[in-house]
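Working notes, beginning with the structure itself.
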Amino acid sequence: MRPDLSIVTLTALAGIGEGIFIFIVAIDSESVFTGVQVPLPSLFFGAFMALAFTGLGTIASFFHLHHKDRGTKAIRQWRFSWLSREALLLPLFMLFVGGYMALLVIGAPDSFRLMAGLLGIFFAMALAFSSGMIYATITFVKEWNSAFTPVNFFMIGLAVGGAWAVFVLEITGAGNAYALTALRFSIGATFIAMILKFLAYLRNANIYSPTGVDSAIGANHPDVVLMDKGACYEHYNTKEYYHKPFRGLHRIVRTLVVATLFVAPLFLMMKDYDSIISGGSDTFTMVAAVIMVLGTFAERWLFFAEGNHIQNLYYGNFINKGGVNPILVSNKNSAPLPPG
Amino acid sequence: MSERQKQLALVIDLNKCVGCHACATNCKSWNTSGQFGPLPDKAPYGEEPDGVWFNRVQTYEAGTFPNVEVVHFPKSCLHCVDAPCVKVCPTGASHKRLEDGIVLVNYDDCIGCKYCSWACPYGCREFDDIEGVMKKCTLCVDRIYNEDLPIAEREPACVLCCPSEARVFGDVNDPESRVSRAIRDNMGFKLMPSAGTNPANHYLPRRKVKIEVDTARIRVRKKPAADTGRREMTGDMGAIEDFSAGG
């Protein structure tokens with residue numbers, strides 16, 4: 001599929017916003033229960049960053065819509081369409097983040113603020129799930145049609161959001177204790193996100209497609225090849241569903257994703273952890289947070305670019321990854337061939 | 001949707017289609033000038049012509065040389081019974097009509113998010129980036145119910161123009177309709193049945209056709225002389241008379 005910059009930006013930035021808010025409210029909850037209050041400006045600035053990321057993502061999403069004037073109609077089919085649910089949950093999440101910030105400013109009781117924060121977390125998780133399900137439910141793009149899609153959307157948002165939460169706590173001087181707690185969970189989230197993304201890449205590299213051109217056009221022949229696309233030039237069906245990279249581009253971007261989203265940030269955050277433990281202070285996590293945003297964009301771009309829509313069969317653009325037929329594998333395992 | 005409800009659809013005979021693109025060009029002509037038009041047509045005589053077409057014809061080669069045959073494959077919206085494009089539309093602009101099963105897009109509600117086209121396994125929707133809405137085959141809904149047209153012309157433009165009569169239009173849920181008989185008698189099939197979309201449009205497969213010829217009725221007529229361009233030198237008036245008499 002052709003990666004659309006507006007959708008890449010929306011899913012990347014909204015995910016980061018959700019992650020920051022989850023971390024900030026979690027830190028706030030911990031501080032309330034332990035009785036050692038984290039400075040309110042730190043919480044406010046953290047929630048503001050969550051709102052800023054999500055807001056930028058929302059602005060980017062409008063560039064994808066060709067009729068922005070009808071944007072409010074997008075929530076009509078919330079009972080059926082995941083896209084409609086996302087359109088409904090995005091402003092709801094931002095509303096609760098705004099509410100949480102307002103309660104911080106007016107100095108409302110902790111219970112009110114935490115209630116708004118926890119509802120915000122609920123909407124953040126629902127929003128991440130909806131964003132993922134938009135793509136996971138498209139059964140005709142096998143790379144997307146997997147439980148990994150919503151899980152990866154959420155975990156990557158959480159990992160990058162965690163790094164940004166540590167960034168915010170460090171620059172607002174919230175104290176090393178809270179920065180350490182956030183850092184510990186941020187490292188954990190990044191590690192889990194990395195494992196899940198590796199598994200998703202492994203799955204996508206070995207996809208078996210049972211549908212070929214012969215079954216797409218119903219021709220009962222083993223060898224069917226396209227002779228004429230029926231158009232003088234490229235058109236919507238050959239441009240929207242197909243992204244032709246130069247040789248090796250996807251591999252380069254995948255390496256960039258692994259380096260900037262997982263390996264380098266994990267290294268930097270662990271260095272920072274060591275520094276804080278030994279009483280010092282470093283800017284490693286801040287650097288990690290910034291490069292993780294770049295990694296998130298690269299990861300999301302690759303997610304769309306690697307989507308291989310089944311309608312490409314009609315135009316000779318379908319990329320057969322040559323995975324193994326799982327039925328043949330299971331037959332082979334259950335009934336081994338006799339020797340000789 | 002109940003099986004007994006009306007479901008208008010096309011049946012396309014791959015055995016008859018000669019790949020002339022008349023269906024595609026007539027579809028474009030009617031739909032760019034009909035009640036749903038116009039359709040984008042960028043640089044039609046330039047080096048990079050681009051535009052929205054509801055119907056496109058691809059050509060495939062089946063088999064390996066020398067045992068090959070050419071398959072011309074026209075494809076437009078299949079008006080699926082379980083249309084995936086309808087289910088994903090966030091605004092409800094994409095809808096399936098209860099009265100005749102036609103899948104349509106309400107251009108006034110479409111926000112141009114393209115999600116419906118991603119959900120279609122057949123690539124039958126095309127985006128109009130001038131109007132900013134998704135477009136697709138309407139099964140010529142502005143023709144088939146148009147009382148200003150003679151009854152014989154109340155059919156989709158692609159069906160009316162097909163020179164080999166490869167396209168038939170009708171209600172696939174009526175077992176006695178022409179389309180149902182064509183499907184029944186010729187092993188009509190649906191595209192990608194595993195996709196679970198249950199398309200209403202059917203295709204008739206490539207098949208060996210045996211033509212029964214009554215040799216007793218074969219008449220051999222004397223052929224006119226070939227036009228050599230030197231008629232004044234041949235003077236073969238008899239042949240010309242034969243030609244005139246034979247009509």
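Following the order of the structure tokens, first chain is A, next is B, and so on, with residues numbered from 1 inside each chain and ligands from 1 in the order they appear.
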Give the helix (DSSP H, G or I) residues of region 18-101 of chain B, as DSSP finds them on the backbone, and put them as a list in words.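 Matching residues for helix (DSSP H, G or I) in region 18-101 of chain B are Ala22, Cys23, Ala24, Thr25, Asn26, Cys27, Lys28, Ser29, Trp30, Asn31, Thr32, Ser33, Pro84, Cys85, Val86, Lys87 and Val88 of chain B.
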Grab the residues selected above and save them as a compact mmCIF listing (two decimals), in the first residue's frame with C-alpha atoms.
```txt
# COMPACT_ATOMS: atom_id res chain seq x y z
CA ALA B 22 -16.63 -1.09 -25.55
CA CYS B 23 -18.18 -1.72 -22.13
CA ALA B 24 -15.49 0.37 -20.44
CA THR B 25 -15.72 3.29 -22.85
CA ASN B 26 -19.53 3.30 -22.92
CA CYS B 27 -19.59 3.14 -19.13
CA LYS B 28 -17.25 6.11 -18.99
CA SER B 29 -19.28 7.99 -21.59
CA TRP B 30 -22.61 7.49 -19.83
CA ASN B 31 -21.35 8.02 -16.31
CA THR B 32 -19.38 11.15 -17.08
CA SER B 33 -22.43 12.72 -18.68
CA PRO B 84 -17.07 -5.22 3.01
CA CYS B 85 -16.90 -1.63 1.75
CA VAL B 86 -20.30 -0.86 3.27
CA LYS B 87 -19.40 -2.23 6.69
CA VAL B 88 -16.29 -0.09 7.10
```
Sort by chain and increasing residue number a table of all residues of chain A within 7 Å of chain B, each with its closest pair of atoms and their distance in Å to one decimal, counting only C-alpha atoms, and write it as CSV.
```
residue,atom,partner,partner_atom,distance
A:His64,CA,B:Cys113,CA,6.6
A:Leu65,CA,B:Cys113,CA,5.3
A:His66,CA,B:Gly132,CA,5.0
A:His67,CA,B:Ile111,CA,4.7
A:Lys68,CA,B:Ile111,CA,7.0
A:Arg70,CA,B:Ile111,CA,6.0
A:Gly71,CA,B:Ile111,CA,6.7
A:Lys73,CA,B:Thr91,CA,5.3
A:Ala74,CA,B:Thr91,CA,4.8
A:Ile75,CA,B:Pro90,CA,6.3
A:Arg76,CA,B:Thr91,CA,5.3
A:Gln77,CA,B:Pro90,CA,5.1
A:Phe80,CA,B:Lys87,CA,6.3
A:Ser81,CA,B:Val88,CA,4.7
A:Leu83,CA,B:Pro90,CA,5.8
A:Ser84,CA,B:Pro90,CA,4.6
A:Ile138,CA,B:Ala119,CA,5.7
A:Phe140,CA,B:Pro121,CA,5.9
A:Ser215,CA,B:Met192,CA,6.4
A:Ala216,CA,B:Met192,CA,5.6
A:Ile217,CA,B:Leu191,CA,6.4
A:Gly218,CA,B:Leu191,CA,6.4
A:His221,CA,B:Ala62,CA,6.0
A:Pro222,CA,B:Gly63,CA,6.7
A:Asp223,CA,B:Gly63,CA,5.0
A:Val224,CA,B:Ala62,CA,4.4
A:Val225,CA,B:Glu61,CA,5.3
A:Leu226,CA,B:Tyr60,CA,4.4
A:Met227,CA,B:Tyr60,CA,5.0
A:Asp228,CA,B:Thr59,CA,4.9
A:Lys229,CA,B:Gln58,CA,5.0
A:Gly230,CA,B:Gln58,CA,4.8
A:Cys232,CA,B:Pro49,CA,6.8
A:Tyr233,CA,B:Glu48,CA,5.7
A:His235,CA,B:Asp50,CA,5.8
A:Tyr236,CA,B:Glu126,CA,6.0
A:Asn237,CA,B:Gly123,CA,6.2
A:Ile310,CA,B:Pro121,CA,5.9
A:Gln311,CA,B:Tyr122,CA,5.1
```
Which of region 40-203 of chain B counts as strand (DSSP E or B) under DSSP, as a PyMOL selection string please? chain B and resi 41-42+50-51+56-64+67-75+94-96+103-105+125-128+133-136+167-171+189+202-203
Close residues, Phe45 (chain A) itself excluded, 8 Å, only C-alpha atoms, min 4 positions apart in chain, as JSON, numbers by chain: {"A": [41, 49, 168]}
Would you output that residue set with N, CA and C atoms, as a JSON list (two decimals), in the first residue's frame?
```
[["chain", "number", "residue", "atom", "x", "y", "z"],
["A", 41, "PRO", "N", 3.32, 20.88, 38.49],
["A", 41, "PRO", "CA", 3.74, 21.38, 37.16],
["A", 41, "PRO", "C", 4.27, 20.27, 36.26],
["A", 49, "MET", "N", 2.03, 17.71, 27.03],
["A", 49, "MET", "CA", 2.76, 17.07, 25.93],
["A", 49, "MET", "C", 1.89, 16.00, 25.26],
["A", 168, "VAL", "N", 9.94, 14.54, 30.43],
["A", 168, "VAL", "CA", 9.19, 15.62, 31.09],
["A", 168, "VAL", "C", 9.52, 15.68, 32.57]]
```
Please determine, counting only C-alpha atoms, which residue among B:Ile102, B:Ala83, B:Met134, B:Val18 has the shortest atom-to-atom distance to Gln5 (chain B). B:Ile102
Find the residues around Met133 (chain A) up to 9 Å (only C-alpha atoms counted), leave out those fewer than 2 positions away in its own chain, and share them as a PyMOL selection string. chain A and resi 82-83+128-131+135-138+145+147+149-150
Selected residues written out, C-alpha atoms, as a PDB file, in the first residue's frame:
```
ATOM      1  CA  TRP A  82     -13.526   0.998  13.495  1.00  0.00           C
ATOM      2  CA  LEU A  83     -12.622   4.221  11.706  1.00  0.00           C
ATOM      3  CA  ALA A 128      -5.043   2.696  20.367  1.00  0.00           C
ATOM      4  CA  PHE A 129      -7.071  -0.489  19.937  1.00  0.00           C
ATOM      5  CA  SER A 130      -9.464   1.173  17.471  1.00  0.00           C
ATOM      6  CA  SER A 131      -6.587   2.632  15.441  1.00  0.00           C
ATOM      7  CA  TYR A 135      -6.047  -2.069   9.674  1.00  0.00           C
ATOM      8  CA  ALA A 136      -6.247  -5.437  11.459  1.00  0.00           C
ATOM      9  CA  THR A 137      -9.791  -6.005  10.174  1.00  0.00           C
ATOM     10  CA  ILE A 138      -8.824  -5.562   6.517  1.00  0.00           C
ATOM     11  CA  ASN A 145      -4.718  -8.786   9.346  1.00  0.00           C
ATOM     12  CA  ALA A 147      -3.529  -9.411  16.372  1.00  0.00           C
ATOM     13  CA  THR A 149      -1.355  -4.780  14.573  1.00  0.00           C
ATOM     14  CA  PRO A 150      -3.356  -3.268  17.489  1.00  0.00           C
TER      15      PRO A 150
END
```
CA of Asn317 (chain A) to CA of Glu240 (chain A): how many Å, to one decimal?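 Between these atoms lies a distance of 11.5 Å.
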Spatial neighbours of Val263 (chain A), max dist 12 Å, only C-alpha atoms, sep filter under 4 positions, as a list in words: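 Once the adjacent positions are removed, what remains is Ile187, Thr190, Phe191, Ala193, Met194, Ile195, Thr255, Leu256, Val257, Val258, Ala259, Phe267, Leu268, Met269, Met270, Ala288, Ile291, Met292 and Gly295 of chain A.
Here CA of Phe148 (chain A) is placed at a distance of 8.8 Å from CA of Gly132 (chain A).
For region 100-106 of chain A, the residues within 8 Å (counting only C-alpha atoms, excluding itself and residues fewer than 6 positions away along the chain) are Leu40, Phe44, Ala47, Phe48, Phe112, Arg113, Leu114, Ala116 and Gly117 of chain A.
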Selected residue of minimal separation from Ala26 (chain A) among A:Phe185, A:Phe304, A:Phe262, A:Tyr314, counting only C-alpha atoms: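 For Ala26 (chain A), the nearest of the given residues is A:Phe185.
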